[in-house]
Amino acid sequence: MADDTAMLALPAAERPRDLALGVFTRPRSKTGWRSWVNTVDHKKIGIMYGVSALVFLLIGGFEALLIRAQLWSPRNSLLSADQYNQVYTMHGTTMVFLVVMPIGAAFANYLMPLQIGARDVAFPRLNAFSFWCFLGGGIFLNSSWLLGGGADGGWFMYAPNSGVIYSPSHGIDFWNLGLIIAGIASLVGSVNLITTVINMRAPGMSLMKMPIFTWMTLVTQFLLLFAVPVITVAQFLLMFDRLFNANFFNVAQGANPLLWQHLFWIFGHPEVYLMILPAFGIVSDILPVFSRKPIFGYTFIVFSGVAIGFMGWGVWAHHMFVSGIGPVSVMVFSLTTMFIAVPTGVKILNWTATMVGGKLKFDTPMLFSIGLITMFTIGGLSGVSHSIAPADTQQTDTYYIVAHFHYVLFGGAFFGFVGGLYFWFPKAFGVLLNETLGKFNFWFMLIGFNLTFGPMHILGMQGMSRRIYTYDEGFGFTFWNRLATVGAFTLGSSILFLIFNIIYSVRRAKKLGLECPNDPWDARTLEWIAPNPTPEWNFDPIPTVTRVDDFWYRKYEETADHRLVRVATADEVVQHSNGAGVHLPSPSYWPLITAFGIPILCYGLIFTLWLALVGGLLIVAGLYGWALEPPDDPDAGHDHHDDHHGDAGGEHAGEPTEAEAGSEAKEMETVG
Amino acid sequence: MASVTVAEAHGHADHAHETNTGISNNKLAMWLFLGSECLLFGGLITTYLVYKTPLPGQKGPKEVFDIGFTSVSSFVLLMSSLTMVLGHSAIERGDHYRTRLWLTATASLGAVFLSGQIYEFTAFVKEGMGYTSSRFSSAFYTLTGFHGVHVTVGIIMLVSLILLSIRGKLPTERAETVEIVGLYWHFVDIVWVLIFAVVYLIPVGAPV
């Protein structure tokens, strides 16, 4: 790349040195809000994903509490039927697309490059673009509350109920376009992260030496790569129907509403796996640390994850057993759904076997990991019961289903995420979260969670329907609903508890000047070779990897009789260089500007096409500014000619701009 | 063993542009993106197949399609893949004049195809088949329209390459950029082969 960059770096006299397209000063700030707005650093982007997801979690959580408050008593009138429809739709959409998915992206962005020994992702500016698209999409979606009401068709938005006739407000348009924007974020992110994993691993880091979280990220990103375009197609069809009177879901014109269900669930089922797999990866990296044993059956864990990735594509119609798809289809999808429980079961077995015979330490991350295993197993078992079509026919559209997917997505994915937060918080911020508060947080969350969703199994068996805003006195639903509502508020306060813990621990560390140890958990995976908090340059020099759990085996050696002997302290193993001369990609405003144009274009599609024109022009200007801006700032103060120039992590900084502009231009076109 | 684990790579400059696979990040990213595009067109083609028969009394493929005309414009688009290959080969040989020539030819052939599509759409609308007329028309215009947008984006990329080349910013070392745009262009062509076969060549049975 050295000569390549030389080719790209034009003589300084040929162009204005500071201005890209003559508009913006090349951003240089390393601190303050500007350093976040123009950042291309995967760590800052990861943190921004996490913080935004937390804000959306509070919004989605508030919506959940509204639902539970409404269901506190029979014939309650806190919410009208219409408001209730909007609230549960936006709750589901927010939690899936703006909380669980971006938290997965937050961990992937922050950790994956560290776990493979890279200095950044393959395309740092595209990474920033992904984040801003996600944030723009999320804000766009939620702005519907202020502009005529939220979407009201359920997060699955079945046709023809999603048509203008049944839902005349703009809520569904916001839902549609907001998720298309978030889809661009996911698609760009997946291309970027897959390229990073495949191409940018440190020397010696073969695929089968990667930490399991990185493996699960790879599978997740492949699922996104192939699932997102399918929902994008469905959403384009719905958008053309709603905004331009097309006939895709117009039954009067002979349209088939099942088309929507198929397209939605071909996306939707891989979607549930891509929500859970990052959490699986997180616990697979946490459990060995607190069991002080290597993961049991590394290969099995990896390949069961890959198997889930493949089989996840063959089960979508189990969401449609009652839609009349015919006995053969029902049977086939019943069987595939039963089969997919096998690789999931393999994982649970491996996690349990990892703990068996280990020296278990029950720190907060471990508690949350065990929480995931147990809660996910409950959710998995109720899931297998759905694969039996006759039983599912009874369960469809009842609270039994609601209980099931909250056990896998909250009890599974979210518990894993919180465990990961406790585990890697010192890595990202150099502060250990308070253990006592953490344990309290865990038990609060576990009890609140089970109180909320446990009773829903019973309510479902009793026949209580989902998505109905109220129930009658004599149905026998009141007691269990009250219990669930109490649980929901407990659960809500456990989230506040988590936020309190973060604020408390950070403040305390600042006040007492506490230094976080570099290896607080006696960890195993490569990211811990970098000091805490991770420096801007990640690694200096790039480590060479020899085996799985490389960091661990730099600290410990196995004797001839298979006993572990400590050979080095963590501080001897952790890197202490100052990163001098490391060449990092330069920050840029263009990803933000380009991403900013997309929601404007979408507002224009809904309200007035003139605004769409403005948004479109902004996108085009952003793309050309992006393409013409040299990826490396010649004045950034890096010494271009030192021998660090071509370090594995720095090389991508000199990527040719045109190809990037090309792939960008194609992103734009999927927006219309 | 300790000596092995202590060993660190210093990333010497001569190994710098080697990726783990040997494929550059840009090219790999384009391949991944095209993989994703397969699913996009997969969804659209499926939708078309579900809706290819109009309701009784509505204009359908039999009434509106002029297969001869579309065959010619399809041929034009396919030939643009040939000129694209020639353009890529020219820049690899360092022949920048011919690079520009062949890229211009590719963009022009693409533009001819697009004009054909615009002409075709206009003709159909004149015959009374608008976007909202039937489920068939919505599906037809959406599928072929998406493809048309892809061709347009490809032309924009080609024109950008030509302009870069004229200004001397597309040196032989960046031949891969042309190759990557070529990957996209060939993909769009291949998708058209599929669309042409599915939409124009497979006869439509009686309305269901």
# chains A, B, ... in the order shown; residues from 1 in each chain; ligands from 1
$ residues_around --residues "range 60-71 of chain B" --least-positions-apart "2" --cutoff "8 Å" --atoms "only C-alpha atoms" --output "PDB file with N, CA and C atoms, in the first residue's frame"
ATOM      1  N   LYS B  52     -47.214 -12.221 -11.910  1.00  0.00           N
ATOM      2  CA  LYS B  52     -46.994 -12.008 -13.345  1.00  0.00           C
ATOM      3  C   LYS B  52     -48.262 -12.096 -14.180  1.00  0.00           C
ATOM      4  N   THR B  53     -49.288 -12.761 -13.633  1.00  0.00           N
ATOM      5  CA  THR B  53     -50.528 -12.792 -14.407  1.00  0.00           C
ATOM      6  C   THR B  53     -51.461 -11.679 -13.949  1.00  0.00           C
ATOM      7  N   PRO B  54     -51.922 -10.857 -14.877  1.00  0.00           N
ATOM      8  CA  PRO B  54     -52.873  -9.817 -14.491  1.00  0.00           C
ATOM      9  C   PRO B  54     -54.246 -10.435 -14.271  1.00  0.00           C
ATOM     10  N   GLN B  58     -57.291  -7.054 -17.674  1.00  0.00           N
ATOM     11  CA  GLN B  58     -56.181  -6.101 -17.538  1.00  0.00           C
ATOM     12  C   GLN B  58     -55.094  -6.426 -18.547  1.00  0.00           C
ATOM     13  N   SER B  73     -32.220  -4.277 -27.025  1.00  0.00           N
ATOM     14  CA  SER B  73     -31.621  -3.479 -25.939  1.00  0.00           C
ATOM     15  C   SER B  73     -30.902  -4.391 -24.953  1.00  0.00           C
ATOM     16  N   SER B  74     -31.387  -5.630 -24.786  1.00  0.00           N
ATOM     17  CA  SER B  74     -30.669  -6.566 -23.929  1.00  0.00           C
ATOM     18  C   SER B  74     -29.309  -6.885 -24.515  1.00  0.00           C
ATOM     19  N   PHE B  75     -29.291  -7.063 -25.858  1.00  0.00           N
ATOM     20  CA  PHE B  75     -28.023  -7.351 -26.526  1.00  0.00           C
ATOM     21  C   PHE B  75     -27.037  -6.207 -26.307  1.00  0.00           C
ATOM     22  N   GLY B 116     -33.670   2.792 -23.937  1.00  0.00           N
ATOM     23  CA  GLY B 116     -34.633   1.782 -24.390  1.00  0.00           C
ATOM     24  C   GLY B 116     -35.671   1.514 -23.324  1.00  0.00           C
ATOM     25  N   PHE B 124     -45.600   1.721 -22.802  1.00  0.00           N
ATOM     26  CA  PHE B 124     -46.571   0.948 -22.023  1.00  0.00           C
ATOM     27  C   PHE B 124     -47.602   1.862 -21.382  1.00  0.00           C
ATOM     28  N   GLU B 127     -50.068   2.908 -23.775  1.00  0.00           N
ATOM     29  CA  GLU B 127     -51.020   1.842 -24.077  1.00  0.00           C
ATOM     30  C   GLU B 127     -52.004   1.618 -22.930  1.00  0.00           C
ATOM     31  N   PHE B 136     -49.737  -6.864 -11.848  1.00  0.00           N
ATOM     32  CA  PHE B 136     -48.661  -7.162 -12.795  1.00  0.00           C
ATOM     33  C   PHE B 136     -47.856  -5.904 -13.105  1.00  0.00           C
ATOM     34  N   SER B 137     -48.555  -4.803 -13.376  1.00  0.00           N
ATOM     35  CA  SER B 137     -47.821  -3.601 -13.770  1.00  0.00           C
ATOM     36  C   SER B 137     -46.962  -3.089 -12.616  1.00  0.00           C
ATOM     37  N   TYR B 200     -39.598 -11.620 -19.836  1.00  0.00           N
ATOM     38  CA  TYR B 200     -39.996 -11.489 -21.231  1.00  0.00           C
ATOM     39  C   TYR B 200     -40.136 -12.834 -21.929  1.00  0.00           C
ATOM     40  N   LEU B 201     -39.313 -13.812 -21.573  1.00  0.00           N
ATOM     41  CA  LEU B 201     -39.265 -15.026 -22.382  1.00  0.00           C
ATOM     42  C   LEU B 201     -40.198 -16.122 -21.893  1.00  0.00           C
ATOM     43  N   VAL B 204     -46.682 -16.499 -20.147  1.00  0.00           N
ATOM     44  CA  VAL B 204     -47.586 -16.412 -19.007  1.00  0.00           C
ATOM     45  C   VAL B 204     -48.856 -17.178 -19.321  1.00  0.00           C
TER      46      VAL B 204
END
$ select_by_dssp --residues "range 100-321 of chain A" --states "helix (DSSP H, G or I)" --output "JSON, numbers by chain"
{"A": [100, 101, 102, 103, 104, 105, 106, 107, 108, 109, 110, 111, 112, 113, 114, 115, 116, 124, 125, 126, 127, 128, 129, 130, 131, 132, 133, 134, 135, 136, 137, 138, 139, 140, 141, 142, 143, 144, 145, 171, 172, 173, 174, 175, 176, 177, 178, 179, 180, 181, 182, 183, 184, 185, 186, 187, 188, 189, 190, 191, 192, 193, 194, 195, 196, 197, 198, 199, 207, 208, 209, 212, 213, 214, 215, 216, 217, 218, 219, 220, 221, 222, 223, 224, 225, 226, 227, 228, 229, 230, 231, 232, 233, 234, 235, 236, 237, 238, 239, 240, 241, 242, 243, 244, 251, 252, 253, 258, 259, 260, 261, 262, 263, 264, 265, 266, 267, 268, 269, 270, 271, 272, 273, 274, 275, 276, 277, 278, 279, 280, 281, 282, 283, 284, 285, 286, 287, 288, 289, 290, 291, 298, 299, 300, 301, 302, 303, 304, 305, 306, 307, 308, 309, 310, 311, 312, 313, 314, 316, 317, 318, 319, 320]}
$ write_last_selection --atoms "C-alpha atoms" --output "compact mmCIF listing (two decimals), in the first residue's frame"
# COMPACT_ATOMS: atom_id res chain seq x y z
CA VAL A 100 -30.91 -5.43 20.61
CA MET A 101 -29.44 -5.13 17.11
CA PRO A 102 -27.37 -1.99 17.82
CA ILE A 103 -26.13 -3.37 21.14
CA GLY A 104 -24.87 -6.33 19.13
CA ALA A 105 -23.31 -3.83 16.74
CA ALA A 106 -21.81 -1.93 19.67
CA PHE A 107 -20.03 -5.01 20.97
CA ALA A 108 -19.02 -6.06 17.45
CA ASN A 109 -17.58 -2.65 16.66
CA TYR A 110 -15.74 -2.23 19.89
CA LEU A 111 -14.49 -5.75 20.46
CA MET A 112 -14.13 -7.54 17.17
CA PRO A 113 -11.13 -5.52 15.86
CA LEU A 114 -9.51 -5.86 19.29
CA GLN A 115 -10.12 -9.58 19.39
CA ILE A 116 -8.49 -10.16 16.02
CA PRO A 124 -13.46 3.29 9.08
CA ARG A 125 -15.48 5.99 7.35
CA LEU A 126 -18.14 3.51 6.23
CA ASN A 127 -18.30 2.44 9.85
CA ALA A 128 -19.11 5.98 10.93
CA PHE A 129 -21.65 6.15 8.12
CA SER A 130 -23.33 2.98 9.44
CA PHE A 131 -23.66 4.45 12.89
CA TRP A 132 -25.10 7.76 11.70
CA CYS A 133 -27.58 5.92 9.48
CA PHE A 134 -28.69 3.82 12.42
CA LEU A 135 -29.09 6.88 14.64
CA GLY A 136 -30.83 8.82 11.87
CA GLY A 137 -33.21 5.91 11.24
CA GLY A 138 -33.98 5.57 14.93
CA ILE A 139 -34.69 9.26 15.39
CA PHE A 140 -36.72 9.33 12.17
CA LEU A 141 -38.80 6.37 13.36
CA ASN A 142 -39.45 7.89 16.76
CA SER A 143 -40.19 11.34 15.35
CA SER A 144 -43.48 9.81 14.19
CA TRP A 145 -44.77 10.31 17.75
CA GLY A 171 -47.03 6.04 11.36
CA ILE A 172 -46.39 3.10 9.07
CA ASP A 173 -44.58 5.29 6.55
CA PHE A 174 -42.24 6.36 9.32
CA TRP A 175 -41.83 2.75 10.35
CA ASN A 176 -41.10 1.72 6.78
CA LEU A 177 -38.62 4.40 5.88
CA GLY A 178 -37.01 4.48 9.32
CA LEU A 179 -36.26 0.79 9.11
CA ILE A 180 -34.98 1.08 5.55
CA ILE A 181 -32.50 3.67 6.86
CA ALA A 182 -31.54 1.39 9.73
CA GLY A 183 -31.24 -1.40 7.14
CA ILE A 184 -28.67 0.61 5.20
CA ALA A 185 -26.73 0.90 8.45
CA SER A 186 -26.87 -2.85 8.97
CA LEU A 187 -25.95 -3.68 5.39
CA VAL A 188 -22.99 -1.30 5.23
CA GLY A 189 -21.92 -2.49 8.66
CA SER A 190 -22.08 -6.13 7.66
CA VAL A 191 -19.95 -5.63 4.53
CA ASN A 192 -17.45 -3.71 6.63
CA LEU A 193 -17.25 -6.12 9.54
CA ILE A 194 -17.10 -9.27 7.42
CA THR A 195 -14.26 -7.77 5.38
CA THR A 196 -12.51 -6.91 8.63
CA VAL A 197 -12.76 -10.41 10.07
CA ILE A 198 -11.78 -12.10 6.84
CA ASN A 199 -8.95 -9.79 5.84
CA LEU A 207 -10.05 -18.42 11.74
CA MET A 208 -10.01 -21.31 14.21
CA LYS A 209 -8.00 -19.28 16.70
CA ILE A 212 -15.82 -17.04 19.87
CA PHE A 213 -17.44 -13.63 20.08
CA THR A 214 -15.66 -12.73 16.85
CA TRP A 215 -16.89 -15.95 15.26
CA MET A 216 -20.46 -15.21 16.28
CA THR A 217 -20.07 -11.67 14.98
CA LEU A 218 -18.98 -13.08 11.64
CA VAL A 219 -22.04 -15.35 11.47
CA THR A 220 -24.29 -12.50 12.59
CA GLN A 221 -22.96 -10.16 9.94
CA PHE A 222 -23.46 -12.76 7.22
CA LEU A 223 -27.06 -13.16 8.39
CA LEU A 224 -27.49 -9.40 8.19
CA LEU A 225 -25.87 -9.25 4.77
CA PHE A 226 -28.43 -11.63 3.33
CA ALA A 227 -31.48 -10.87 5.49
CA VAL A 228 -31.54 -7.09 5.27
CA PRO A 229 -32.11 -6.88 1.49
CA VAL A 230 -35.18 -9.12 1.82
CA ILE A 231 -36.93 -6.87 4.32
CA THR A 232 -35.77 -3.88 2.30
CA VAL A 233 -37.63 -5.30 -0.70
CA ALA A 234 -40.73 -5.90 1.42
CA GLN A 235 -40.57 -2.39 2.81
CA PHE A 236 -40.07 -0.86 -0.62
CA LEU A 237 -43.15 -2.71 -1.85
CA LEU A 238 -45.14 -1.47 1.13
CA MET A 239 -43.82 2.05 0.61
CA PHE A 240 -44.81 2.00 -3.07
CA ASP A 241 -48.25 0.77 -2.02
CA ARG A 242 -48.74 3.42 0.60
CA LEU A 243 -47.13 6.41 -1.10
CA PHE A 244 -47.62 5.70 -4.81
CA VAL A 251 -56.32 -7.46 -2.23
CA ALA A 252 -58.92 -5.85 -4.51
CA GLN A 253 -56.35 -6.10 -7.31
CA LEU A 258 -48.99 -13.82 2.26
CA LEU A 259 -46.27 -12.35 0.08
CA TRP A 260 -45.57 -9.88 2.87
CA GLN A 261 -45.50 -12.61 5.49
CA HIS A 262 -43.04 -14.69 3.51
CA LEU A 263 -40.72 -11.79 2.75
CA PHE A 264 -40.96 -10.51 6.30
CA TRP A 265 -40.19 -13.83 7.95
CA ILE A 266 -37.47 -14.83 5.51
CA PHE A 267 -35.83 -11.77 7.00
CA GLY A 268 -37.45 -12.16 10.38
CA HIS A 269 -36.21 -15.53 11.38
CA PRO A 270 -32.55 -15.01 10.56
CA GLU A 271 -33.16 -11.75 12.40
CA VAL A 272 -33.89 -13.53 15.68
CA TYR A 273 -30.67 -15.51 15.33
CA LEU A 274 -28.67 -12.45 14.52
CA MET A 275 -30.03 -10.89 17.70
CA ILE A 276 -29.10 -13.85 19.90
CA LEU A 277 -25.77 -14.94 18.39
CA PRO A 278 -23.73 -11.94 19.60
CA ALA A 279 -24.93 -12.68 23.14
CA PHE A 280 -23.99 -16.34 22.65
CA GLY A 281 -20.54 -15.16 21.64
CA ILE A 282 -20.29 -12.92 24.69
CA VAL A 283 -21.08 -15.68 27.18
CA SER A 284 -18.80 -18.07 25.32
CA ASP A 285 -15.96 -15.64 26.04
CA ILE A 286 -17.05 -14.87 29.61
CA LEU A 287 -17.72 -18.40 30.92
CA PRO A 288 -14.17 -19.76 30.45
CA VAL A 289 -12.73 -16.76 32.30
CA PHE A 290 -14.85 -17.32 35.38
CA SER A 291 -14.57 -21.11 35.20
CA TYR A 298 -14.33 -24.75 20.85
CA THR A 299 -14.93 -26.31 17.43
CA PHE A 300 -18.42 -27.41 18.40
CA ILE A 301 -19.33 -23.98 19.69
CA VAL A 302 -18.08 -22.39 16.49
CA PHE A 303 -19.69 -24.81 14.10
CA SER A 304 -22.98 -24.94 15.97
CA GLY A 305 -23.06 -21.16 15.55
CA VAL A 306 -22.36 -21.52 11.84
CA ALA A 307 -25.01 -24.26 11.64
CA ILE A 308 -27.55 -21.95 13.29
CA GLY A 309 -26.60 -19.35 10.68
CA PHE A 310 -27.39 -21.73 7.85
CA MET A 311 -30.42 -23.46 9.34
CA GLY A 312 -31.89 -20.12 10.36
CA TRP A 313 -32.84 -19.65 6.70
CA GLY A 314 -35.02 -22.75 6.57
CA TRP A 316 -39.29 -18.96 8.56
CA ALA A 317 -42.71 -20.39 7.84
CA HIS A 318 -43.11 -21.65 11.42
CA HIS A 319 -44.30 -18.11 12.04
CA MET A 320 -47.08 -18.82 9.57
$ closest_residue --among "A:Ser369, A:Ser334, A:Thr452, A:Thr344" --to "Asp392 in chain A" --atoms "only C-alpha atoms"
A:Ser334
$ residues_around --residues "Ala53 in chain A" --least-positions-apart "2" --cutoff "8 Å" --atoms "only C-alpha atoms" --output "PyMOL selection string"
chain A and resi 49-51+55-57+98-100+102-103
$ residues_around --residues "Gly154 in chain B" --least-positions-apart "2" --cutoff "10 Å" --atoms "only C-alpha atoms" --output "PyMOL selection string"
(chain A and resi 662+665-666) or (chain B and resi 106-107+110+148-152+156-160+181-182+184-186+188)
$ closest_residue --among "B:Gly87, B:Gly128, B:Pro171, B:Gly94" --to "chain A" --atoms "only C-alpha atoms"
B:Pro171
$ residues_around --residues "Ser494 in chain A" --least-positions-apart "2" --cutoff "8 Å" --atoms "only C-alpha atoms" --output "PyMOL selection string"
chain A and resi 441-442+444-445+448+490-492+496-498
$ write_last_selection --atoms "N, CA and C atoms" --output "mmCIF file, in the first residue's frame"
data_model
loop_
_atom_site.group_PDB
_atom_site.id
_atom_site.type_symbol
_atom_site.label_atom_id
_atom_site.label_comp_id
_atom_site.auth_asym_id
_atom_site.auth_seq_id
_atom_site.Cartn_x
_atom_site.Cartn_y
_atom_site.Cartn_z
ATOM 1 N N ASN A 441 -28.044 -5.785 41.013
ATOM 2 C CA ASN A 441 -28.635 -5.529 39.701
ATOM 3 C C ASN A 441 -29.061 -6.851 39.055
ATOM 4 N N PHE A 442 -28.188 -7.847 39.116
ATOM 5 C CA PHE A 442 -28.507 -9.126 38.482
ATOM 6 C C PHE A 442 -29.755 -9.751 39.096
ATOM 7 N N PHE A 444 -32.111 -8.431 40.928
ATOM 8 C CA PHE A 444 -33.265 -7.580 40.642
ATOM 9 C C PHE A 444 -33.811 -7.873 39.251
ATOM 10 N N MET A 445 -32.879 -7.928 38.290
ATOM 11 C CA MET A 445 -33.293 -8.123 36.906
ATOM 12 C C MET A 445 -33.865 -9.522 36.719
ATOM 13 N N GLY A 448 -37.311 -9.672 38.482
ATOM 14 C CA GLY A 448 -38.270 -8.852 37.736
ATOM 15 C C GLY A 448 -38.632 -9.493 36.411
ATOM 16 N N THR A 490 -40.415 -3.858 38.324
ATOM 17 C CA THR A 490 -39.162 -4.312 38.947
ATOM 18 C C THR A 490 -38.046 -4.352 37.907
ATOM 19 N N LEU A 491 -38.407 -4.899 36.768
ATOM 20 C CA LEU A 491 -37.433 -5.010 35.676
ATOM 21 C C LEU A 491 -36.959 -3.626 35.252
ATOM 22 N N GLY A 492 -37.929 -2.713 35.125
ATOM 23 C CA GLY A 492 -37.579 -1.344 34.743
ATOM 24 C C GLY A 492 -36.623 -0.729 35.743
ATOM 25 N N LEU A 496 -32.660 0.986 35.623
ATOM 26 C CA LEU A 496 -32.207 2.228 36.248
ATOM 27 C C LEU A 496 -31.042 1.937 37.198
ATOM 28 N N PHE A 497 -31.117 0.797 37.847
ATOM 29 C CA PHE A 497 -30.059 0.367 38.743
ATOM 30 C C PHE A 497 -28.736 0.233 38.001
ATOM 31 N N LEU A 498 -28.820 -0.353 36.806
ATOM 32 C CA LEU A 498 -27.625 -0.511 35.978
ATOM 33 C C LEU A 498 -27.032 0.856 35.646
#
$ closest_residue --among "B:Val199, B:Ile180, B:Ile162, B:Val191" --to "chain A" --atoms "only C-alpha atoms"
B:Ile180
$ residues_around --residues "Phe405 in chain A" --least-positions-apart "4" --cutoff "9 Å" --atoms "only C-alpha atoms" --output "PyMOL selection string"
chain A and resi 379-380+382-383+400-401+409-411
$ atom_distance --atom1 "CA of Gly371 in chain A" --atom2 "CA of Leu459 in chain A"
23.5 Å
$ residues_around --residues "Tyr141 in chain B" --least-positions-apart "6" --cutoff "9 Å" --atoms "only C-alpha atoms" --output "VMD selection string"
chain B and resid 121 130 to 131
$ closest_residue --among "B:Ser138, B:Leu194, B:Ile166, B:Lys126" --to "chain A" --atoms "only C-alpha atoms"
B:Ser138
